[in-house]
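Take a look at the structure set out below.
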Amino acid sequence: MRWMLMLVVLVLIPLAALAGDQGLIRVVGEGSQRSFRPDGTEVETSNVVAPRGPLSPDGKLRAFVSADGKETLSVSDADGGNARQITPAAMTAGQWAWSPDSKRLVFLARPYAAPGTFQAADWQLHRIDADGKDLKPLANSPHGAEQPRIAKDGRLAYLRNYPREGKLPRADLVVGDGEEAKAIVKNSFINEFAWSPDSKSIAYSTYGALVFYDVATGKEQRVEFASIDSRLKGYSAWYLAFSPDSQRVACVIKFLGDRQQGGPKMFGDDELFIVSRDGKATWFQPGMVVHGLEWGAK
């Protein structure tokens with residue numbers, strides 16, 4: 001009996017270590033946040049939400065767009081104090097991403113338009129130092145750009161828009177900037193995308209599927225949402241967050257079509273999904289409306 005007990009212990013130890021290696025998924029809601037293991041086991045709930053804006057990679061700074069109607073880009077200390085505006089007043093800022101060394105930000109910008117006036121300019125990519133110096137345009141996208149994302153190895157990716165035609169907007173998924181910029185996915189509907197932690201691949205959400213794209217080879221692994229569950233036909237994914245081992249993505253998968261106001265809930269409204277490259281998926285209910293996801297090593 002004793003040797004059997006020792007055998008069980010020896011088996012459980014590596015299994016526990018493996019579970020720990022899966023990291024924790026932090027779900028950010030309105031006024032609270034919760035942390036879960038990938039199997040849906042809740043680890044922690046907090047009613048204290050971090051100051052506005054994600055932390056820089058070194059954990060020392062935060063960036064955020066001002067809420068005063070002018071929408072300038074600002075940087076603060078990690079605790080939200082010592083906020084300072086880094087973009088000029090004549091510029092409106094949009095989405096942004098930190099460089100891996102925490103010294104610069106890539107962000108969307110366009111000329112400031114006073115409230116009540118028509119905003120005709122499209123978003124364009126710019127770069128600026130965290131101290132507000134060396135402001136430069138990065139690319140000219142004739143119909144605007146969206147979703148700048150920087151990999152841990154420093155490579156930039158973004159969406160370069162096409163003229164709006166039809167219900168679903170279309171764009172190129174571009175990697176790099178300047179002369180090295182290359183569209184790896186062309187003229188497609190891309191709802192959201194995310195770099196993997198190992199900087200080797202990008203996961204992007206399109207109509208009805210999540211796609212894992214290997215940047216070096218161009219090989220795609222497409223996971224149809226309807227293959228996960230037949231109820232997910234006509235859906236798309238939001239808030240993509242890679243697992244620390246770059247093999248899975250946590251996301252929200254919701255119906256992309258028109259919804260009846262006040263109508264019944266649909267599958268996906270309350271679920272958080274874990275989708276692996278091989279097409280296998282699990283889901284659980286985090287018990288809150290998701291406004292953001294992070295999947296960290298601990």
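Just remember, in the structure tokens the first chain shown is A, the second B, etc., residues are 1-based per chain, and ligands are 1-based in the order shown.
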If we count only C-alpha atoms and set the cut-off at 8 Å, which residues sit around stretch 246-263 of chain A, ignoring sequence neighbours fewer than 3 positions away in its own chain? Please answer as a PDB file with N, CA and C atoms, in the first residue's frame.
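The resulting result-v9.pdb:
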ATOM      1  N   ILE A  25      -5.767  33.408 -16.174  1.00  0.00           N
ATOM      2  CA  ILE A  25      -6.481  34.324 -17.068  1.00  0.00           C
ATOM      3  C   ILE A  25      -7.142  35.398 -16.215  1.00  0.00           C
ATOM      4  N   SER A 196       1.513  36.055 -30.523  1.00  0.00           N
ATOM      5  CA  SER A 196       1.817  35.030 -29.538  1.00  0.00           C
ATOM      6  C   SER A 196       2.997  35.478 -28.684  1.00  0.00           C
ATOM      7  N   PRO A 197       3.117  34.994 -27.447  1.00  0.00           N
ATOM      8  CA  PRO A 197       4.242  35.387 -26.577  1.00  0.00           C
ATOM      9  C   PRO A 197       5.612  35.060 -27.158  1.00  0.00           C
ATOM     10  N   ASP A 198       5.714  34.000 -27.989  1.00  0.00           N
ATOM     11  CA  ASP A 198       7.004  33.660 -28.578  1.00  0.00           C
ATOM     12  C   ASP A 198       7.289  34.433 -29.863  1.00  0.00           C
ATOM     13  N   ALA A 203      -2.665  35.221 -33.973  1.00  0.00           N
ATOM     14  CA  ALA A 203      -4.029  34.693 -34.028  1.00  0.00           C
ATOM     15  C   ALA A 203      -4.950  35.839 -34.413  1.00  0.00           C
ATOM     16  N   TYR A 207     -14.789  36.269 -39.715  1.00  0.00           N
ATOM     17  CA  TYR A 207     -16.179  35.837 -39.649  1.00  0.00           C
ATOM     18  C   TYR A 207     -16.238  34.313 -39.582  1.00  0.00           C
ATOM     19  N   LEU A 232     -22.464  28.248 -32.715  1.00  0.00           N
ATOM     20  CA  LEU A 232     -21.563  29.370 -32.950  1.00  0.00           C
ATOM     21  C   LEU A 232     -21.457  29.753 -34.428  1.00  0.00           C
ATOM     22  N   LYS A 233     -22.397  29.373 -35.228  1.00  0.00           N
ATOM     23  CA  LYS A 233     -22.394  29.736 -36.646  1.00  0.00           C
ATOM     24  C   LYS A 233     -22.702  31.229 -36.792  1.00  0.00           C
ATOM     25  N   GLY A 234     -21.862  31.946 -37.555  1.00  0.00           N
ATOM     26  CA  GLY A 234     -22.062  33.381 -37.753  1.00  0.00           C
ATOM     27  C   GLY A 234     -21.493  34.224 -36.626  1.00  0.00           C
ATOM     28  N   TYR A 235     -20.518  33.675 -35.897  1.00  0.00           N
ATOM     29  CA  TYR A 235     -19.929  34.361 -34.756  1.00  0.00           C
ATOM     30  C   TYR A 235     -18.530  34.878 -35.102  1.00  0.00           C
ATOM     31  N   SER A 236     -18.005  35.738 -34.226  1.00  0.00           N
ATOM     32  CA  SER A 236     -16.619  36.189 -34.309  1.00  0.00           C
ATOM     33  C   SER A 236     -16.091  36.359 -32.884  1.00  0.00           C
ATOM     34  N   ALA A 237     -14.760  36.542 -32.750  1.00  0.00           N
ATOM     35  CA  ALA A 237     -14.129  36.572 -31.426  1.00  0.00           C
ATOM     36  C   ALA A 237     -13.593  37.951 -31.075  1.00  0.00           C
ATOM     37  N   TRP A 238     -13.592  38.237 -29.788  1.00  0.00           N
ATOM     38  CA  TRP A 238     -13.074  39.487 -29.236  1.00  0.00           C
ATOM     39  C   TRP A 238     -12.098  39.185 -28.093  1.00  0.00           C
ATOM     40  N   TYR A 239     -11.273  40.180 -27.746  1.00  0.00           N
ATOM     41  CA  TYR A 239     -10.378  40.134 -26.579  1.00  0.00           C
ATOM     42  C   TYR A 239      -9.446  38.916 -26.620  1.00  0.00           C
ATOM     43  N   LEU A 240      -8.753  38.730 -27.727  1.00  0.00           N
ATOM     44  CA  LEU A 240      -7.863  37.578 -27.865  1.00  0.00           C
ATOM     45  C   LEU A 240      -6.673  37.698 -26.921  1.00  0.00           C
ATOM     46  N   ALA A 241      -6.388  36.625 -26.177  1.00  0.00           N
ATOM     47  CA  ALA A 241      -5.255  36.594 -25.250  1.00  0.00           C
ATOM     48  C   ALA A 241      -4.583  35.236 -25.333  1.00  0.00           C
ATOM     49  N   PHE A 242      -3.323  35.208 -25.747  1.00  0.00           N
ATOM     50  CA  PHE A 242      -2.580  33.963 -25.890  1.00  0.00           C
ATOM     51  C   PHE A 242      -2.184  33.392 -24.534  1.00  0.00           C
ATOM     52  N   SER A 243      -2.115  32.052 -24.473  1.00  0.00           N
ATOM     53  CA  SER A 243      -1.559  31.377 -23.311  1.00  0.00           C
ATOM     54  C   SER A 243      -0.048  31.582 -23.282  1.00  0.00           C
ATOM     55  N   MET A 266     -28.035  34.655 -26.063  1.00  0.00           N
ATOM     56  CA  MET A 266     -27.561  33.652 -26.996  1.00  0.00           C
ATOM     57  C   MET A 266     -26.317  32.994 -26.422  1.00  0.00           C
ATOM     58  N   PHE A 267     -26.040  31.776 -26.873  1.00  0.00           N
ATOM     59  CA  PHE A 267     -24.817  31.102 -26.460  1.00  0.00           C
ATOM     60  C   PHE A 267     -23.623  31.969 -26.843  1.00  0.00           C
ATOM     61  N   GLY A 268     -22.725  32.170 -25.902  1.00  0.00           N
ATOM     62  CA  GLY A 268     -21.583  33.045 -26.120  1.00  0.00           C
ATOM     63  C   GLY A 268     -21.695  34.362 -25.372  1.00  0.00           C
ATOM     64  N   ASP A 269     -22.897  34.752 -25.002  1.00  0.00           N
ATOM     65  CA  ASP A 269     -23.067  36.023 -24.286  1.00  0.00           C
ATOM     66  C   ASP A 269     -22.373  36.001 -22.927  1.00  0.00           C
ATOM     67  N   GLU A 271     -20.114  33.326 -21.905  1.00  0.00           N
ATOM     68  CA  GLU A 271     -19.040  32.342 -21.848  1.00  0.00           C
ATOM     69  C   GLU A 271     -17.681  32.948 -22.231  1.00  0.00           C
ATOM     70  N   LEU A 272     -16.641  32.384 -21.645  1.00  0.00           N
ATOM     71  CA  LEU A 272     -15.268  32.689 -22.029  1.00  0.00           C
ATOM     72  C   LEU A 272     -14.676  31.400 -22.597  1.00  0.00           C
ATOM     73  N   PHE A 273     -14.111  31.477 -23.785  1.00  0.00           N
ATOM     74  CA  PHE A 273     -13.666  30.299 -24.513  1.00  0.00           C
ATOM     75  C   PHE A 273     -12.136  30.181 -24.492  1.00  0.00           C
ATOM     76  N   ILE A 274     -11.662  28.945 -24.443  1.00  0.00           N
ATOM     77  CA  ILE A 274     -10.245  28.618 -24.580  1.00  0.00           C
ATOM     78  C   ILE A 274     -10.123  27.766 -25.840  1.00  0.00           C
ATOM     79  N   VAL A 275      -9.458  28.295 -26.861  1.00  0.00           N
ATOM     80  CA  VAL A 275      -9.367  27.613 -28.160  1.00  0.00           C
ATOM     81  C   VAL A 275      -7.911  27.262 -28.442  1.00  0.00           C
ATOM     82  N   SER A 276      -7.645  25.990 -28.722  1.00  0.00           N
ATOM     83  CA  SER A 276      -6.284  25.552 -29.012  1.00  0.00           C
ATOM     84  C   SER A 276      -6.061  25.477 -30.520  1.00  0.00           C
ATOM     85  N   ARG A 277      -4.795  25.390 -30.914  1.00  0.00           N
ATOM     86  CA  ARG A 277      -4.441  25.351 -32.329  1.00  0.00           C
ATOM     87  C   ARG A 277      -5.025  24.143 -33.054  1.00  0.00           C
ATOM     88  N   VAL A 290     -17.256  40.862 -19.901  1.00  0.00           N
ATOM     89  CA  VAL A 290     -15.822  40.972 -20.158  1.00  0.00           C
ATOM     90  C   VAL A 290     -15.508  42.275 -20.899  1.00  0.00           C
ATOM     91  N   LEU A 293      -9.095  40.874 -21.417  1.00  0.00           N
ATOM     92  CA  LEU A 293      -8.511  39.611 -20.994  1.00  0.00           C
ATOM     93  C   LEU A 293      -6.999  39.690 -21.025  1.00  0.00           C
ATOM     94  N   TRP A 295      -3.690  36.819 -20.205  1.00  0.00           N
ATOM     95  CA  TRP A 295      -3.304  35.470 -19.800  1.00  0.00           C
ATOM     96  C   TRP A 295      -1.837  35.507 -19.429  1.00  0.00           C
TER      97      TRP A 295
END
**Request:** Please provide as number ranges by chain all residues within 8 Å of A:Arg34, with the sequence filter that same-chain residues fewer than 3 positions apart are discarded (counting only C-alpha atoms).
**Result:** A: 26-28, 42-46, 286
DSSP-assigned helix (DSSP H, G or I) among stretch 43-242 of chain A, expressed as a PDB file with C-alpha atoms, in the first residue's frame:
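Produced file selection.pdb, reproduced below:
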ATOM      1  CA  GLY A 178       8.432  51.408 -43.681  1.00  0.00           C
ATOM      2  CA  GLU A 179      10.000  49.490 -46.568  1.00  0.00           C
ATOM      3  CA  GLU A 180       9.856  46.228 -44.601  1.00  0.00           C
ATOM      4  CA  PHE A 225     -16.408  28.252 -34.552  1.00  0.00           C
ATOM      5  CA  ALA A 226     -19.249  26.024 -35.775  1.00  0.00           C
ATOM      6  CA  SER A 227     -16.914  23.020 -35.370  1.00  0.00           C
ATOM      7  CA  ILE A 228     -16.548  23.920 -31.684  1.00  0.00           C
ATOM      8  CA  SER A 230     -23.025  24.274 -33.917  1.00  0.00           C
ATOM      9  CA  ARG A 231     -24.597  27.199 -32.095  1.00  0.00           C
ATOM     10  CA  LEU A 232     -21.563  29.370 -32.950  1.00  0.00           C
TER      11      LEU A 232
END
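Closest approach to A:Val106 among A:Ala120, A:Val65, A:Leu135, A:Ala90 is made by A:Leu135 (distances from only C-alpha atoms).
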